[in-house]
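> Structure file upload21.txt, compact mmCIF, C-alpha atoms, is pasted below:
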```
# COMPACT_ATOMS: atom_id res chain seq x y z
CA MET A 1 12.63 -17.37 20.52
CA GLN A 2 12.31 -13.79 19.30
CA ASP A 3 12.49 -10.97 21.85
CA LEU A 4 9.05 -9.38 21.51
CA SER A 5 10.45 -6.00 22.56
CA LEU A 6 12.55 -6.04 19.39
CA GLN A 7 9.76 -7.29 17.12
CA LYS A 8 8.82 -4.75 14.48
CA THR A 9 5.21 -3.87 13.68
CA VAL A 10 3.62 -3.11 10.32
CA LEU A 11 0.09 -1.88 9.65
CA LEU A 12 -1.02 -3.06 6.20
CA ILE A 13 -4.16 -1.45 4.81
CA GLY A 14 -5.86 -3.37 1.99
CA ALA A 15 -4.43 -6.80 2.72
CA SER A 16 -7.28 -9.25 2.22
CA ARG A 17 -6.16 -10.58 -1.18
CA GLY A 18 -3.54 -10.37 -3.91
CA LEU A 19 -0.43 -8.33 -3.25
CA GLY A 20 -1.60 -7.12 0.17
CA PHE A 21 -2.21 -10.64 1.44
CA ALA A 22 1.15 -11.75 0.05
CA MET A 23 2.79 -8.89 1.96
CA VAL A 24 1.16 -10.13 5.17
CA GLU A 25 2.50 -13.64 4.60
CA GLU A 26 6.00 -12.34 3.82
CA TYR A 27 6.15 -10.04 6.86
CA LEU A 28 5.09 -12.95 9.09
CA LYS A 29 7.86 -15.10 7.58
CA ARG A 30 10.32 -12.35 8.48
CA GLY A 31 9.20 -12.32 12.11
CA TRP A 32 7.19 -9.11 12.13
CA ARG A 33 4.03 -8.37 14.06
CA VAL A 34 1.34 -7.54 11.49
CA ILE A 35 -1.90 -5.59 11.75
CA ALA A 36 -3.76 -6.21 8.50
CA SER A 37 -7.05 -4.82 7.28
CA GLY A 38 -9.66 -5.54 4.67
CA ARG A 39 -13.15 -4.35 3.95
CA GLU A 40 -16.07 -5.93 5.79
CA GLY A 41 -16.77 -9.41 4.43
CA SER A 42 -13.34 -9.76 2.80
CA THR A 43 -11.13 -10.85 5.71
CA GLU A 44 -11.79 -14.60 5.81
CA LYS A 45 -8.33 -15.54 4.47
CA LEU A 46 -6.68 -13.16 6.93
CA LEU A 47 -8.63 -14.62 9.84
CA GLN A 48 -7.60 -18.15 8.81
CA LEU A 49 -3.97 -17.07 8.61
CA ALA A 50 -4.21 -15.39 12.02
CA LYS A 51 -5.12 -18.73 13.61
CA THR A 52 -1.70 -20.13 12.70
CA SER A 53 0.31 -16.97 13.37
CA HIS A 54 0.81 -17.52 17.12
CA GLY A 55 -0.59 -14.07 17.82
CA ALA A 56 1.64 -12.25 15.32
CA LEU A 57 -1.26 -11.30 13.02
CA GLU A 58 -4.15 -9.08 14.06
CA VAL A 59 -7.03 -8.59 11.62
CA GLU A 60 -8.99 -5.34 11.36
CA THR A 61 -11.88 -4.21 9.16
CA VAL A 62 -11.95 -0.86 7.40
CA ASP A 63 -13.20 0.66 4.15
CA ILE A 64 -10.75 3.47 3.49
CA THR A 65 -13.28 5.36 1.37
CA ILE A 66 -15.35 5.96 4.54
CA PRO A 67 -13.53 8.50 6.77
CA GLU A 68 -15.50 7.46 9.85
CA GLN A 69 -14.18 3.90 9.52
CA VAL A 70 -10.62 5.18 9.11
CA ALA A 71 -10.97 7.28 12.27
CA ALA A 72 -12.46 4.33 14.16
CA LEU A 73 -9.54 2.08 13.17
CA HIS A 74 -7.10 4.74 14.35
CA GLY A 75 -8.88 4.75 17.69
CA ARG A 76 -8.54 0.97 18.01
CA VAL A 77 -4.76 0.96 17.37
CA GLU A 78 -3.94 4.36 18.86
CA GLY A 79 -1.62 3.01 21.53
CA ARG A 80 0.60 1.15 19.05
CA ARG A 81 3.89 2.28 17.58
CA LEU A 82 4.43 1.33 13.96
CA ASP A 83 7.70 0.72 12.16
CA VAL A 84 5.91 0.60 8.81
CA LEU A 85 2.54 1.93 7.64
CA PHE A 86 1.73 0.63 4.17
CA VAL A 87 -1.42 1.35 2.18
CA ASN A 88 -2.10 -1.17 -0.55
CA ALA A 89 -5.84 -0.68 -1.17
CA GLY A 90 -6.81 0.01 -4.77
CA VAL A 91 -9.23 -0.72 -7.61
CA LYS A 92 -9.31 -0.43 -11.38
CA ASN A 93 -11.97 0.15 -13.99
CA ASP A 94 -12.56 -1.82 -17.18
CA ASP A 95 -9.23 -1.91 -19.04
CA ARG A 96 -10.95 -0.94 -22.30
CA GLU A 97 -12.40 2.33 -20.98
CA THR A 98 -10.69 5.55 -21.95
CA ILE A 99 -11.14 8.97 -20.41
CA ALA A 100 -13.48 9.64 -23.33
CA ASP A 101 -16.03 7.02 -22.35
CA VAL A 102 -15.60 6.27 -18.63
CA SER A 103 -18.66 7.31 -16.63
CA THR A 104 -18.35 10.10 -14.10
CA GLU A 105 -19.36 7.68 -11.34
CA GLU A 106 -16.68 5.14 -12.31
CA PHE A 107 -14.02 7.84 -12.64
CA VAL A 108 -14.88 9.14 -9.17
CA ARG A 109 -14.82 5.61 -7.70
CA VAL A 110 -11.32 4.91 -9.03
CA MET A 111 -9.91 8.31 -8.04
CA VAL A 112 -11.42 8.28 -4.54
CA THR A 113 -10.21 4.73 -3.84
CA ASN A 114 -6.75 4.97 -5.43
CA SER A 115 -5.77 8.59 -4.84
CA LEU A 116 -7.74 10.39 -2.15
CA SER A 117 -8.39 7.59 0.34
CA PRO A 118 -4.80 6.31 0.71
CA MET A 119 -3.66 9.85 1.48
CA ARG A 120 -6.42 10.27 4.06
CA VAL A 121 -5.17 7.09 5.76
CA ILE A 122 -1.62 8.43 5.78
CA GLU A 123 -2.72 11.77 7.20
CA VAL A 124 -4.65 10.06 10.01
CA PHE A 125 -2.09 7.37 10.92
CA GLN A 126 1.22 9.20 10.46
CA ASP A 127 1.39 10.01 14.18
CA LEU A 128 1.66 6.29 15.03
CA VAL A 129 4.78 5.76 12.89
CA GLN A 130 8.15 5.83 14.64
CA PRO A 131 10.45 8.80 13.82
CA THR A 132 12.74 6.34 12.01
CA GLY A 133 9.81 4.45 10.47
CA THR A 134 8.44 4.18 6.97
CA ILE A 135 5.20 5.32 5.36
CA GLY A 136 4.59 3.55 2.07
CA VAL A 137 1.83 3.29 -0.48
CA MET A 138 1.35 0.94 -3.41
CA SER A 139 1.71 3.01 -6.54
CA SER A 140 2.44 1.60 -9.99
CA GLY A 141 4.89 2.05 -12.82
CA GLN A 142 1.77 3.10 -14.73
CA GLY A 143 1.67 6.24 -12.59
CA SER A 144 4.82 7.46 -14.33
CA LEU A 145 4.22 10.25 -16.86
CA THR A 146 7.58 9.53 -18.47
CA ASN A 147 6.82 5.86 -19.02
CA ASN A 148 3.37 6.35 -20.56
CA ASP A 149 4.08 5.75 -24.20
CA ASN A 150 1.03 3.65 -25.13
CA GLY A 151 -1.91 5.37 -23.41
CA ASN A 152 -3.45 2.13 -22.15
CA TYR A 153 -5.28 1.89 -18.80
CA GLU A 154 -5.49 5.65 -18.72
CA VAL A 155 -8.04 6.06 -15.92
CA TYR A 156 -6.03 3.75 -13.66
CA ARG A 157 -2.81 5.49 -14.73
CA GLY A 158 -4.33 8.85 -13.90
CA SER A 159 -5.34 7.69 -10.42
CA LYS A 160 -1.80 6.50 -9.67
CA ALA A 161 -0.23 9.65 -11.12
CA ALA A 162 -2.54 11.67 -8.86
CA LEU A 163 -1.53 9.50 -5.89
CA ASN A 164 2.13 10.17 -6.70
CA MET A 165 1.50 13.92 -6.81
CA PHE A 166 -0.43 13.91 -3.54
CA MET A 167 2.34 11.92 -1.86
CA ARG A 168 4.89 14.36 -3.22
CA SER A 169 2.90 17.24 -1.73
CA PHE A 170 2.68 15.37 1.58
CA ALA A 171 6.45 14.88 1.58
CA ALA A 172 7.01 18.56 0.77
CA ARG A 173 4.80 19.57 3.69
CA HIS A 174 6.82 17.22 5.91
CA ARG A 175 10.25 17.95 4.51
CA ASN A 176 11.78 18.06 8.00
CA ASP A 177 10.29 14.70 8.98
CA THR A 178 12.82 11.94 9.62
CA LYS A 179 10.51 9.22 8.33
CA THR A 180 10.99 7.47 4.99
CA PHE A 181 8.22 7.97 2.40
CA LEU A 182 7.87 5.38 -0.34
CA LEU A 183 5.83 5.05 -3.52
CA MET A 184 6.23 1.41 -4.53
CA ALA A 185 5.70 -0.08 -8.00
CA PRO A 186 5.28 -3.86 -7.65
CA GLY A 187 5.53 -4.66 -11.35
CA TRP A 188 2.82 -6.33 -13.41
CA VAL A 189 1.88 -9.27 -11.19
CA ARG A 190 -0.43 -12.23 -11.77
CA THR A 191 -3.27 -11.51 -9.33
CA ASP A 192 -7.04 -11.08 -9.72
CA MET A 193 -6.33 -7.43 -10.47
CA GLY A 194 -3.22 -7.95 -12.62
CA GLY A 195 -4.73 -10.77 -14.64
CA PRO A 196 -3.29 -14.09 -15.89
CA GLU A 197 -1.14 -12.52 -18.61
CA ALA A 198 0.98 -10.50 -16.16
CA ARG A 199 4.75 -10.90 -16.37
CA LEU A 200 5.55 -11.57 -12.71
CA SER A 201 4.44 -14.09 -10.11
CA ILE A 202 3.69 -12.88 -6.59
CA GLU A 203 6.82 -14.78 -5.47
CA GLU A 204 8.95 -12.74 -7.88
CA SER A 205 7.50 -9.41 -6.76
CA ILE A 206 6.59 -9.29 -3.08
CA PRO A 207 9.69 -10.65 -1.30
CA ASN A 208 11.82 -8.25 -3.37
CA LEU A 209 9.41 -5.39 -2.68
CA LEU A 210 9.68 -5.98 1.09
CA SER A 211 13.45 -6.17 0.87
CA THR A 212 13.45 -2.81 -0.93
CA ILE A 213 11.24 -1.29 1.79
CA GLU A 214 13.63 -2.60 4.46
CA ALA A 215 16.69 -1.35 2.53
CA TYR A 216 15.29 2.18 2.58
CA GLU A 217 14.68 2.22 6.32
CA GLY A 218 16.20 5.41 7.76
CA ARG A 219 16.52 7.11 4.35
CA SER A 220 14.23 10.09 4.85
CA GLY A 221 12.43 11.88 2.05
CA LEU A 222 10.23 10.54 -0.76
CA HIS A 223 11.37 7.72 -3.04
CA TYR A 224 9.49 6.31 -6.07
CA LEU A 225 10.83 2.79 -6.55
CA ASP A 226 10.01 -0.50 -8.20
CA TYR A 227 10.06 -3.89 -6.48
CA LEU A 228 13.78 -4.34 -7.25
CA GLY A 229 14.71 -0.96 -5.78
CA ARG A 230 15.12 0.78 -9.13
CA VAL A 231 14.08 4.44 -9.26
CA VAL A 232 10.92 5.00 -11.32
CA PRO A 233 10.86 8.26 -13.33
CA TRP A 234 8.10 10.65 -12.38
```
Just give me the structure as structure tokens.


Amino acid sequence: MQDLSLQKTVLLIGASRGLGFAMVEEYLKRGWRVIASGREGSTEKLLQLAKTSHGALEVETVDITIPEQVAALHGRVEGRRLDVLFVNAGVKNDDRETIADVSTEEFVRVMVTNSLSPMRVIEVFQDLVQPTGTIGVMSSGQGSLTNNDNGNYEVYRGSKAALNMFMRSFAARHRNDTKTFLLMAPGWVRTDMGGPEARLSIEESIPNLLSTIEAYEGRSGLHYLDYLGRVVPW
């Protein structure tokens, strides 16, 4: 039986489906205590999983685009100490839309959800992360300026590139922090968001992604990595 005093804790934001839910399942397999969140009305799968987790999974509700909900969640978990804080929440617009024809409202929705809101979560929750812990956020290889040689998905790409820049600024402001900061690119994965044509299965991406996160424990500074631990060019 695992010594609960040695059990590590992860807070996963945006974990009700797809990659986030798969991360919950994988962390539970590895013996972690998991606090997982989804938006209101989206947590049914998490609640079902919690019933069979023997108390290892706690389910919370938060919409990260609403600062009051983020602050309220912080208040509910304030006494906890986290080994990993990971923000996975994200959306995309219609793949066919370019910057030339996307509506202002849709552009703002994608940027607020993918770029601004994850950083607000990190700013609010960083104090709960252990000095040797990890703060990670789900980026994308599509956030790489270097790798953009086809121009597709440009609004989504822009939101992830902005996220990368904001995380780099955060790391610069916390250059003396001993925590590890990670921007993770999971690869193109077959989920509702990734679509059926994607190259990778969840089983090929997420266990490797978690192993990469664990391998970088204690390596302070900011790292932009893919699911296999390869450095992604900015």

> Pick out the closest residue to A:Tyr153 from this set: A:Leu228, A:Ile99, A:Leu11, A:Met184. Count only C-alpha atoms.

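Ranking A:Leu228, A:Ile99, A:Leu11, A:Met184 by distance to A:Tyr153, first place goes to A:Ile99.
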
> Tell me, in Å to one decimal, how far atom CA of A:Gly20 is from atom CA of A:Gly195.

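Between these atoms lies a distance of 15.6 Å.
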
> Report, in Å to a single decimal, how far apart atom CA of A:Ser159 and atom CA of A:Asp101 are.

16.0 Å

> Please determine, counting all atoms listed in the file, which residue among A:Arg17, A:Arg157, A:Arg30, A:His74 has the shortest atom-to-atom distance to A:Leu47.

A:Arg17

> Enter the distance from atom CA of A:Leu183 to atom CA of A:Leu85, in Å, rounded to one decimal.

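Calculated distance between atom CA of A:Leu183 and atom CA of A:Leu85 is 12.0 Å.
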
> Just the residues within 8 Å of A:Val70, please, counting only C-alpha atoms, with nothing from its chain fewer than 5 positions along; format it as an NGL selection string.

:A and (62-64 or 121 or 124)

> With all atoms listed in the file as the counted atoms, please give the residues lying no more than 10 Å from A:Ser42, apart from itself and same-chain residues fewer than 3 positions off, as a list in words.

Gly14, Ala15, Ser16, Arg17, Ser37, Gly38, Arg39, Lys45, Leu46, Leu47 and Thr61 of chain A

> Give me the residues within 9 Å of A:Thr191 as a list in words, counting all atoms listed in the file and dropping any in the same chain fewer than 3 places off.

Arg17, Gly18, Leu19, Trp188, Gly194, Gly195, Pro196, Ala198, Ser201 and Ile202 of chain A

> When you count only C-alpha atoms, which of these residues is closest to A:Leu6: A:Arg33, A:Lys92, A:Arg199, A:Arg168?

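Using only C-alpha atoms, A:Leu6 sits closest to A:Arg33.
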
> Rank A:Val24, A:Glu44, A:Glu154, A:Ala161 by their smallest atom-to-atom distance to A:Ala100, using only C-alpha atoms, and report the top residue only.

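Smallest separation from A:Ala100 among the options: A:Glu154.
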
> Determine, using all atoms listed in the file, which residues of stretch 26-81 of chain A have any atom at most 9 Å from an atom of stretch 109-118 of chain A, and tabulate each with its shortest atom pair and distance in Å to one decimal place, rows ordered by chain and then rising number, as CSV.


```
residue,atom,partner,partner_atom,distance
A:Ile64,CA,A:Ser117,CA,5.7
A:Thr65,CA,A:Ser117,CA,5.5
A:Ile66,CA,A:Ser117,CA,8.3
A:Pro67,CA,A:Ser117,CA,8.3
```

> Taking 6 positions as the minimum chain separation for residues in the same chain, which residues sit within 9 Å of A:Leu210 when counting all atoms listed in the file? Answer as a PyMOL selection string.

chain A and resi 23+26-27+227

> Only C-alpha atoms, please: the residues just picked out, written as a PDB file, keeping the file's coordinate frame.


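Output file part.pdb is given in full below:
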```pdb
ATOM      1  CA  MET A  23       2.790  -8.890   1.960  1.00  0.00           C
ATOM      2  CA  GLU A  26       6.000 -12.340   3.820  1.00  0.00           C
ATOM      3  CA  TYR A  27       6.150 -10.040   6.860  1.00  0.00           C
ATOM      4  CA  TYR A 227      10.060  -3.890  -6.480  1.00  0.00           C
TER       5      TYR A 227
END
```

> Restricting the calculation to only C-alpha atoms: of A:Ala56, A:Val129, A:Val108, A:Ala171, which residue gets closest to A:Gly158?

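Nearest to A:Gly158: A:Val108.
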
> Near A:Val84, counting all atoms listed in the file, which residues have an atom at most 8 Å away, once you skip same-chain residues fewer than 4 positions from it, shown as a VMD selection string?

chain A and resid 9 to 11 129 133 to 136

> My list of candidates is A:Val231, A:Ile13, A:Leu145, A:Met167. Which is closest to A:Glu123 when distances are computed with all atoms listed in the file?

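Closest residue, counting all atoms listed in the file: A:Met167.
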